[in-house]
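Engineer: Got protein-v1.cif for you, mmCIF, C-alpha atoms:
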data_upload
#
loop_
_atom_site.label_atom_id
_atom_site.label_comp_id
_atom_site.auth_asym_id
_atom_site.auth_seq_id
_atom_site.Cartn_x
_atom_site.Cartn_y
_atom_site.Cartn_z
CA MET A 694 14.59 -96.60 -126.35
CA THR A 695 11.19 -95.69 -124.95
CA HIS A 696 8.13 -94.71 -126.95
CA SER A 697 4.70 -93.39 -126.10
CA LEU A 698 2.52 -96.41 -125.42
CA VAL A 699 -0.83 -94.64 -125.80
CA CYS A 700 -2.21 -94.93 -129.32
CA ALA A 701 -5.58 -94.47 -131.01
CA GLU A 702 -6.56 -98.04 -130.07
CA THR A 703 -5.82 -97.57 -126.34
CA VAL A 704 -9.04 -97.57 -124.33
CA SER A 705 -9.03 -95.11 -121.43
CA ARG A 706 -11.42 -94.64 -118.52
CA VAL A 707 -11.46 -92.18 -115.63
CA SER A 708 -13.03 -92.19 -112.20
CA SER A 709 -15.08 -89.04 -112.78
CA VAL A 710 -15.37 -85.82 -114.77
CA LEU A 711 -16.20 -82.45 -113.21
CA ASN A 712 -19.96 -81.87 -113.51
CA ARG A 713 -20.01 -84.71 -116.09
CA ASN A 714 -18.84 -82.15 -118.65
CA THR A 715 -16.85 -84.50 -120.90
CA ARG A 716 -16.65 -81.97 -123.73
CA GLN A 717 -14.67 -79.48 -121.64
CA PHE A 718 -12.98 -81.73 -119.03
CA GLY A 719 -13.11 -85.29 -120.45
CA LYS A 720 -10.49 -88.02 -120.56
CA LYS A 721 -9.59 -87.30 -124.19
CA HIS A 722 -7.78 -84.17 -122.99
CA LEU A 723 -5.21 -86.25 -121.10
CA PHE A 724 -3.52 -87.22 -124.37
CA ASP A 725 -4.26 -84.38 -126.82
CA GLN A 726 -0.98 -82.47 -126.19
CA ASN A 727 -2.96 -79.21 -126.01
CA GLU A 728 -1.85 -76.75 -123.32
CA GLU A 729 -5.38 -75.31 -123.11
CA THR A 730 -7.25 -78.53 -122.25
CA CYS A 731 -7.24 -80.89 -119.27
CA TRP A 732 -9.01 -83.75 -117.52
CA ASN A 733 -10.69 -82.40 -114.41
CA SER A 734 -12.08 -84.98 -112.01
CA ASP A 735 -15.07 -84.44 -109.81
CA GLN A 736 -14.62 -84.56 -106.05
CA GLY A 737 -13.91 -87.81 -104.22
CA PRO A 738 -11.49 -89.60 -101.89
CA SER A 739 -9.31 -90.89 -104.75
CA GLN A 740 -9.27 -90.51 -108.52
CA TRP A 741 -8.03 -92.96 -111.14
CA VAL A 742 -7.25 -93.44 -114.82
CA THR A 743 -7.22 -96.87 -116.49
CA LEU A 744 -5.62 -97.69 -119.82
CA GLU A 745 -6.20 -100.85 -121.84
CA PHE A 746 -3.56 -101.29 -124.53
CA PRO A 747 -4.04 -103.26 -127.77
CA GLN A 748 -0.77 -105.13 -127.06
CA LEU A 749 1.38 -106.01 -124.08
CA VAL A 750 3.63 -103.19 -122.84
CA ARG A 751 6.51 -102.58 -120.41
CA VAL A 752 6.16 -99.20 -118.71
CA SER A 753 9.36 -97.38 -117.82
CA GLN A 754 8.20 -93.80 -117.29
CA LEU A 755 5.12 -91.70 -116.55
CA GLN A 756 5.02 -88.02 -117.42
CA ILE A 757 2.26 -86.08 -115.69
CA GLN A 758 1.45 -82.38 -115.66
CA PHE A 759 -0.98 -81.38 -112.93
CA GLN A 760 -2.53 -78.02 -112.26
CA GLY A 761 -0.91 -76.70 -109.08
CA GLY A 762 -3.30 -77.08 -106.15
CA PHE A 763 -5.12 -79.97 -107.86
CA SER A 764 -2.48 -82.68 -107.59
CA SER A 765 -2.10 -85.63 -105.24
CA HIS A 766 0.48 -86.44 -102.62
CA ARG A 767 0.60 -90.13 -103.49
CA GLY A 768 0.00 -92.20 -106.60
CA CYS A 769 -0.05 -95.91 -107.32
CA LEU A 770 0.61 -97.61 -110.64
CA GLU A 771 -0.99 -101.05 -111.03
CA GLY A 772 -1.01 -103.42 -113.98
CA SER A 773 -2.34 -106.73 -115.19
CA GLN A 774 -2.47 -108.97 -118.19
CA GLY A 775 -5.77 -110.03 -119.69
CA SER A 776 -8.47 -110.62 -117.09
CA GLN A 777 -6.02 -111.14 -114.22
CA ALA A 778 -6.35 -109.05 -111.07
CA LEU A 779 -4.36 -105.82 -110.93
CA HIS A 780 -1.05 -105.96 -109.04
CA LYS A 781 0.98 -103.04 -107.73
CA ILE A 782 3.91 -102.03 -109.88
CA VAL A 783 5.10 -99.00 -107.91
CA ASP A 784 4.03 -96.10 -105.68
CA PHE A 785 5.03 -92.60 -106.77
CA PHE A 786 4.88 -89.22 -105.09
CA PRO A 787 4.01 -86.28 -107.39
CA GLU A 788 4.82 -82.69 -106.56
CA ASP A 789 2.08 -80.09 -106.25
CA ASN A 790 3.08 -77.77 -109.09
CA ASN A 791 2.40 -76.98 -112.76
CA SER A 792 5.54 -78.51 -114.26
CA LEU A 793 5.71 -81.69 -116.32
CA GLN A 794 6.89 -84.36 -113.88
CA ALA A 795 8.68 -87.49 -115.01
CA HIS A 796 8.45 -90.55 -112.79
CA THR A 797 10.91 -93.20 -113.89
CA PHE A 798 10.42 -96.78 -112.72
CA PRO A 799 12.44 -99.94 -112.90
CA ILE A 800 11.08 -101.91 -115.84
CA PRO A 801 8.66 -104.51 -114.49
CA VAL A 802 9.47 -108.13 -115.10
CA ALA A 803 6.03 -108.89 -116.51
CA GLU A 804 4.41 -107.29 -119.49
CA VAL A 805 0.94 -105.83 -118.96
CA ASP A 806 -1.91 -104.75 -121.20
CA ARG A 807 -3.92 -102.91 -118.56
CA LEU A 808 -2.73 -100.08 -116.30
CA LYS A 809 -4.43 -98.22 -113.50
CA LEU A 810 -3.08 -94.97 -112.06
CA THR A 811 -4.68 -94.10 -108.74
CA PHE A 812 -4.24 -90.63 -107.27
CA GLU A 813 -4.76 -90.62 -103.51
CA ASP A 814 -4.58 -87.89 -100.91
CA ALA A 815 -5.42 -85.00 -103.25
CA THR A 816 -4.05 -81.56 -102.48
CA ASP A 817 -7.46 -80.03 -103.20
CA PHE A 818 -9.78 -79.94 -100.18
CA PHE A 819 -12.57 -81.65 -102.17
CA GLY A 820 -10.35 -84.34 -103.69
CA ARG A 821 -10.33 -83.04 -107.26
CA VAL A 822 -7.41 -83.75 -109.60
CA VAL A 823 -6.60 -81.75 -112.75
CA ILE A 824 -4.16 -83.21 -115.32
CA TYR A 825 -3.07 -81.38 -118.47
CA HIS A 826 -0.77 -84.07 -119.86
CA LEU A 827 -0.37 -87.78 -119.22
CA ARG A 828 2.27 -89.69 -121.13
CA VAL A 829 3.03 -93.36 -120.61
CA LEU A 830 6.42 -94.31 -121.99
CA GLY A 831 8.05 -97.69 -122.39
CA LYS A 832 8.39 -100.55 -124.83
CA LYS A 833 5.71 -102.40 -126.69
CA GLY A 834 5.71 -106.11 -126.02
CA THR A 835 4.21 -108.99 -127.86
CA ASN A 836 0.83 -108.61 -129.49
CA ARG A 837 -2.11 -110.41 -127.88
CA ASP A 838 -3.81 -110.79 -131.24
CA PRO A 839 -1.97 -112.89 -133.85
CA TYR A 840 -3.59 -110.76 -136.59
CA GLY A 841 -2.59 -107.42 -135.03
CA GLY A 842 -6.21 -106.51 -134.41
CA GLN A 843 -6.99 -105.94 -138.07
CA HIS A 844 -8.65 -109.31 -138.72
CA TYR A 845 -11.65 -108.90 -136.44
CA ARG A 846 -11.79 -105.09 -136.25
CA ALA A 847 -12.39 -105.06 -139.99
CA LYS A 848 -15.65 -106.93 -139.33
CA LEU A 849 -16.81 -104.09 -137.08
CA GLY A 850 -15.83 -101.22 -139.34
CA GLY A 851 -12.65 -100.47 -137.38
CA ARG A 852 -14.38 -99.69 -134.08
CA ARG A 853 -13.27 -101.28 -130.83
CA PRO A 854 -16.13 -101.59 -128.33
CA HIS A 855 -15.66 -102.41 -124.68
CA PRO A 856 -14.13 -105.92 -124.29
CA ARG A 857 -16.85 -107.19 -121.95
CA ASN A 858 -19.58 -106.29 -124.43
CA PRO A 859 -20.99 -109.29 -126.39
CA THR A 860 -20.53 -107.33 -129.62
CA SER A 861 -16.88 -106.64 -128.86
CA PRO A 862 -14.08 -107.81 -131.15
CA LYS A 863 -12.83 -110.18 -128.44
CA PHE A 864 -16.23 -111.91 -128.25
CA ILE A 865 -16.53 -112.10 -132.02
CA LYS A 866 -12.98 -113.38 -132.42
CA MET A 867 -13.41 -116.06 -129.78
CA HIS A 868 -16.75 -117.29 -131.10
CA PHE A 869 -16.45 -116.83 -134.86
CA CYS A 870 -12.72 -117.05 -135.62
CA GLY A 871 -12.09 -120.26 -133.69
CA PHE A 872 -9.85 -118.83 -130.97
CA SER A 873 -10.36 -120.07 -127.45
CA GLU A 874 -8.09 -117.57 -125.71
CA LEU A 875 -6.52 -114.24 -126.65
#
Could you rewrite the structure in this file as structure tokens?
Structural biologist:
Amino acid sequence: MTHSLVCAETVSRVSSVLNRNTRQFGKKHLFDQNEETCWNSDQGPSQWVTLEFPQLVRVSQLQIQFQGGFSSHRGCLEGSQGSQALHKIVDFFPEDNNSLQAHTFPIPVAEVDRLKLTFEDATDFFGRVVIYHLRVLGKKGTNRDPYGGQHYRAKLGGRRPHPRNPTSPKFIKMHFCGFSEL
């Protein structure tokens, strides 16, 4: 059985936001399940969304709802584990319409904790992409953190800064909790 893999602890990033207006068109609108909101990229040759999960995952399906006319002809799903380089999981070919599209993939052999969706060859002349809903479905794998993230996040008041930041939980865990590798 598949579940939504995006949770409150999933860190997301996007290539751009239209006019840098994150309040109206920001990445948070990809996952809010609100029909009135969307992520709207700025113009460019390709657009992307990255997701960093708090545990390893196996992706089996993507559900994407574009705004017709602001889709892409080709997409690529890449994944990696830890600090490894991204590797291609699958190419997919969205339709240029307003309906919720489900792209089902063979379950990858390896579990990943980082995904990148790249949207190439946009249908919009300027290269903009508009997404109302993005759902990543699959199975949760093993947890990278033996304490489930609670041990070191408690030291930071529950917040989860960027992992390459020296004040991040990963840095604190590695240097103050005696772990050499996550």
Engineer: Taking all atoms listed in the file into account, which of A:His826, A:Lys721, A:Lys833, A:Lys781 comes nearest Lys809 of chain A?
Structural biologist: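 Using all atoms listed in the file, the shortest distance to Lys809 of chain A belongs to A:Lys781.
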Engineer: Mind checking which residues fall within 7 Å of segment 790-793 of chain A, counting all atoms listed in the file, ignoring those fewer than 4 positions away in the same chain, and posting them as a PyMOL selection string?
Structural biologist: chain A and resi 756-761
Engineer: Put those residues in a file: C-alpha atoms, as a PDB file, keeping the file's coordinate frame.
Structural biologist:
ATOM      1  CA  GLN A 756       5.020 -88.020-117.420  1.00  0.00           C
ATOM      2  CA  ILE A 757       2.260 -86.080-115.690  1.00  0.00           C
ATOM      3  CA  GLN A 758       1.450 -82.380-115.660  1.00  0.00           C
ATOM      4  CA  PHE A 759      -0.980 -81.380-112.930  1.00  0.00           C
ATOM      5  CA  GLN A 760      -2.530 -78.020-112.260  1.00  0.00           C
ATOM      6  CA  GLY A 761      -0.910 -76.700-109.080  1.00  0.00           C
TER       7      GLY A 761
END
Engineer: Can you tell me, as an MDAnalysis selection string, what residues are no more than 9 Å from Ser709 of chain A when counting all atoms listed in the file, ignoring any on the same chain fewer than 4 positions away?
Structural biologist: chainID A and resid 713 719 733:737 740:741
Engineer: A:Asn714, A:Ser739, A:Thr695, A:Ser705: which is nearest His766 of chain A, counting all atoms listed in the file?
Structural biologist: A:Ser739
Engineer: Go ahead and compute the interatomic distance for atom CA of Val750 of chain A and atom CA of Thr811 of chain A, in Å to one decimal.
Structural biologist: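 Rounded to one decimal, the two atoms are 18.7 Å apart.
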Engineer: Evaluate the PyMOL selection byres ((chain A and resi 732) around 8) against this structure - the residues, as a VMD selection string, please.
Structural biologist: chain A and resid 710 718 to 723 730 to 731 733 to 734 823 to 825
Engineer: So the first atom is atom CA of Phe746 of chain A and the second is atom CA of Gln726 of chain A; what is the distance between them in Å, to one decimal place?
Structural biologist: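 Between atom CA of Phe746 of chain A and atom CA of Gln726 of chain A the gap is 19.1 Å.
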Engineer: Expand the PyMOL selection byres ((chain A and resi 816) around 6) into the explicit residue set it covers here, and present it as a PyMOL selection string.
Structural biologist: chain A and resi 762-765+815+817
Engineer: Give me a file of those residues, with C-alpha atoms, as a tab-separated table (two decimals), keeping the file's coordinate frame.
Structural biologist:
chain	number	residue	atom	x	y	z
A	762	GLY	CA	-3.30	-77.08	-106.15
A	763	PHE	CA	-5.12	-79.97	-107.86
A	764	SER	CA	-2.48	-82.68	-107.59
A	765	SER	CA	-2.10	-85.63	-105.24
A	815	ALA	CA	-5.42	-85.00	-103.25
A	817	ASP	CA	-7.46	-80.03	-103.20
Engineer: What's the separation between atom CA of Ser776 of chain A and atom CA of Glu813 of chain A, in Å to one decimal place?
Structural biologist: 24.5 Å
Engineer: What does the PyMOL selection byres ((chain A and resi 744) around 6) select in this file, as a PyMOL selection string?
Structural biologist: chain A and resi 704-705+743+745+807-808
Engineer: Here is a test: counting all atoms listed in the file, which residue of A:Arg821, A:Arg706, A:Lys832, A:His796 is nearest to Leu755 of chain A?
Structural biologist: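 For Leu755 of chain A, the nearest of the candidates is A:His796.
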Engineer: Considering all atoms listed in the file, state which residue in the set A:Arg767, A:Arg716, A:Arg828, A:His696 is at the smallest distance from Phe786 of chain A.
Structural biologist: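 With all atoms listed in the file as the atom set, the closest residue is A:Arg767.
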Engineer: Choose the residue, out of A:Pro738, A:Gly775, A:Gly834, A:Gly768, that has the smallest atom-to-atom separation from Ser708 of chain A; count all atoms listed in the file.
Structural biologist: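 Closest residue, counting all atoms listed in the file: A:Pro738.
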Engineer: Pick from A:Val822, A:Leu810, A:Val752, A:Val783: nearest to Ser697 of chain A, with all atoms listed in the file counted?
Structural biologist: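 Once distances to Ser697 of chain A are computed over all atoms listed in the file, the minimum belongs to A:Val752.
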